[in-house]
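Student: Input: one structure, supplied below.
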Amino acid sequence: MSKNIQLKNLKMLISALSHVFLTILLVQKAACVDSWKKRNCSELRIGQFNCSTPKIDPQKQNELNCTKDGLVLVECYPAKNVICDNKIFDGNTVGFYRNLKCRYVTNYNYQTTVLLSIFFGIFGVDRFYLGYYSIGVIKACTFGFMLIGYLIEMLMIITQHLGPADGSKFLVDHYGQILYTQGVYNNKTLNFTFFI
C-alpha cells in the first residue's frame, strides 16, 4: 500500500514539475518574441537580410560614392516576414544601410604612372605626377638618387606599393593589374590586398 502512495506522490510531483517547466518555456518564448520586435535591423544575422550591390561607375570601373576611408554605403533589405525595429518586413523595403569595402579612386592611372616611372623616373616626373612634389625635386636634382632610388621606386610603383599622395588607389582597367598577395599560414591560404 505504501508503494502505491509513493507512486501516486511521484506522479503528482512529476506532473507539477512538468507544468512548471512548460510555464517557464512559454514565458521565455513570449520574452523572445518581444525581443525580436525590439532588435535593430542592423543586428540581423546572415541570411536574414540581403544587401544591394554597389553601383559601378562605367568610366572608372569602381564603386560610385566610395569615401576616402574605402567604404561605400549600400541598402539592405530584411527578408520576408523578418521582424526588426518593430516592423514586419516584406523583403522589398529598405531596413538599414551597411558600409562595404571599396577602392577609393581618383584620376591617377596605373599605366601612365608605370610609363612615367620607366622613362622619366630618373628626373622625378613620376613623383610629380603622384603628388609628391618635394621628393620629385630631390629626385630630379640627384638623377633618381644616383639610379639606385630610381630602380627601387620603379619597382615600388610596378608592384603598387607606392601610390598617389592623396591616399587614393590607382585607376586600373577593369581586368587590369590590381595586385593581390597570397600567403600560407597554418596550411590555410590567406589573401592580402595592397589596395584595401
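Naming works like this for the C-alpha cells: A, B, ... for the chains as they're shown, residue 1 at the start of each chain, ligands 1 onward in shown order.
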Residues at most 8 Å from Pro164 (chain A), counting only C-alpha atoms, excluding those fewer than 2 positions away in the same chain, as an mmCIF file with C-alpha atoms, in the first residue's frame?
Tutor:
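selection_1.cif, written as the output of this step:
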```
data_model
loop_
_atom_site.group_PDB
_atom_site.id
_atom_site.type_symbol
_atom_site.label_atom_id
_atom_site.label_comp_id
_atom_site.auth_asym_id
_atom_site.auth_seq_id
_atom_site.Cartn_x
_atom_site.Cartn_y
_atom_site.Cartn_z
ATOM 1 C CA TYR A 108 45.793 58.601 -61.212
ATOM 2 C CA LEU A 130 51.628 61.220 -57.995
ATOM 3 C CA GLY A 131 51.667 64.445 -55.960
ATOM 4 C CA LEU A 162 53.808 53.346 -53.921
ATOM 5 C CA ASP A 166 46.132 61.771 -51.663
ATOM 6 C CA GLY A 167 45.663 58.206 -50.398
ATOM 7 C CA SER A 168 43.590 57.063 -53.363
ATOM 8 C CA LYS A 169 44.222 53.932 -55.372
ATOM 9 C CA PHE A 170 45.354 53.692 -58.963
#
```
Student: Using DSSP on the backbone coordinates, identify all residues within region 22-170 of chain A classified as strand (DSSP E); present the result as an MDAnalysis selection string.
Tutor: chainID A and resid 49:51 56:57 62:63 71:78 83:84 87:88 96:101 105:109 169:170
Student: What's the separation between CA of Val114 (chain A) and CA of Asp69 (chain A), in Å to one decimal place?
Tutor: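 Interatomic distance here is 25.0 Å.
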Student: Can you measure CA of Lys101 (chain A) to CA of Cys66 (chain A) for me? One decimal in Å is fine.
Tutor: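 CA of Lys101 (chain A) sits 8.5 Å away from CA of Cys66 (chain A).
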Student: Need to verify the contact set: region 87-100 of chain A, 10 Å, only C-alpha atoms, exclusion of same-chain residues closer than 5 positions in sequence. Can you return it as a list in words?
Tutor: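 The filter keeps Trp36, Lys37, Lys38, Asn40, Cys41, Ser42, Glu43, Gln48, Phe49, Asn50, Cys51, Ser52, Thr53, Pro54, Cys66, Gly70, Leu71, Val72, Leu73, Val74, Glu75, Cys76, Tyr77, Pro78, Ala79, Lys80, Asn81 and Val82 of chain A.
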Student: Hey, can you check how far CA of Met154 (chain A) sits from CA of Asp126 (chain A)?
Tutor: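 If I compute the distance from CA of Met154 (chain A) to CA of Asp126 (chain A), I get 9.0 Å.
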Student: So that I can check the secondary structure, give me every residue of region 4-158 of chain A assigned helix (DSSP H, G or I) by backbone DSSP, as an NGL selection string.
Tutor: :A and (4-38 or 41-43 or 110-123 or 125-130 or 133-141 or 143-146 or 148-158)
Student: Just want the 9 Å neighbourhood of region 140-147 of chain A, counted on only C-alpha atoms, with same-chain residues fewer than 4 positions away dropped. Output as a compact mmCIF listing (two decimals) with N, CA and C atoms, in the first residue's frame.
Tutor:
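Writing done, so here's out-v6.txt:
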```txt
# COMPACT_ATOMS: atom_id res chain seq x y z
N GLY A 121 61.44 58.54 -64.78
CA GLY A 121 61.59 58.43 -63.33
C GLY A 121 62.89 58.98 -62.81
N ILE A 122 63.92 58.94 -63.63
CA ILE A 122 65.22 59.47 -63.22
C ILE A 122 65.16 60.98 -62.97
N PHE A 123 64.19 61.65 -63.59
CA PHE A 123 64.01 63.09 -63.41
C PHE A 123 62.89 63.43 -62.43
N GLY A 124 62.30 62.42 -61.79
CA GLY A 124 61.28 62.65 -60.77
C GLY A 124 59.89 62.95 -61.30
N VAL A 125 59.66 62.74 -62.60
CA VAL A 125 58.35 63.06 -63.19
C VAL A 125 57.25 62.18 -62.59
N ILE A 135 59.78 65.35 -53.08
CA ILE A 135 60.61 64.20 -53.45
C ILE A 135 60.91 64.22 -54.94
N GLY A 136 59.97 64.71 -55.74
CA GLY A 136 60.22 64.83 -57.19
C GLY A 136 61.36 65.79 -57.47
N LEU A 151 65.60 52.88 -59.55
CA LEU A 151 65.24 51.46 -59.73
C LEU A 151 64.32 50.97 -58.61
N ILE A 152 64.61 51.38 -57.38
CA ILE A 152 63.78 50.95 -56.25
C ILE A 152 62.36 51.50 -56.37
N GLU A 153 62.25 52.80 -56.70
CA GLU A 153 60.93 53.40 -56.82
C GLU A 153 60.17 52.86 -58.03
```
Student: If we count only C-alpha atoms, what is near Asp173 (chain A) at a cut-off of 10 Å, once residues fewer than 6 positions away on the same chain are taken out, given as a list in words?
Tutor: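 Close residues of Asp173 (chain A): Gln59, Lys60, Gln61, Asn62, Asn109, Tyr110 and Gln111 of chain A.
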Student: Go through A:Leu171, A:Val137, A:Leu64, A:Ile56 and flag the residue nearest Thr113 (chain A), using only C-alpha atoms for the distances.
Tutor: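 Once distances to Thr113 (chain A) are computed over only C-alpha atoms, the minimum belongs to A:Leu171.
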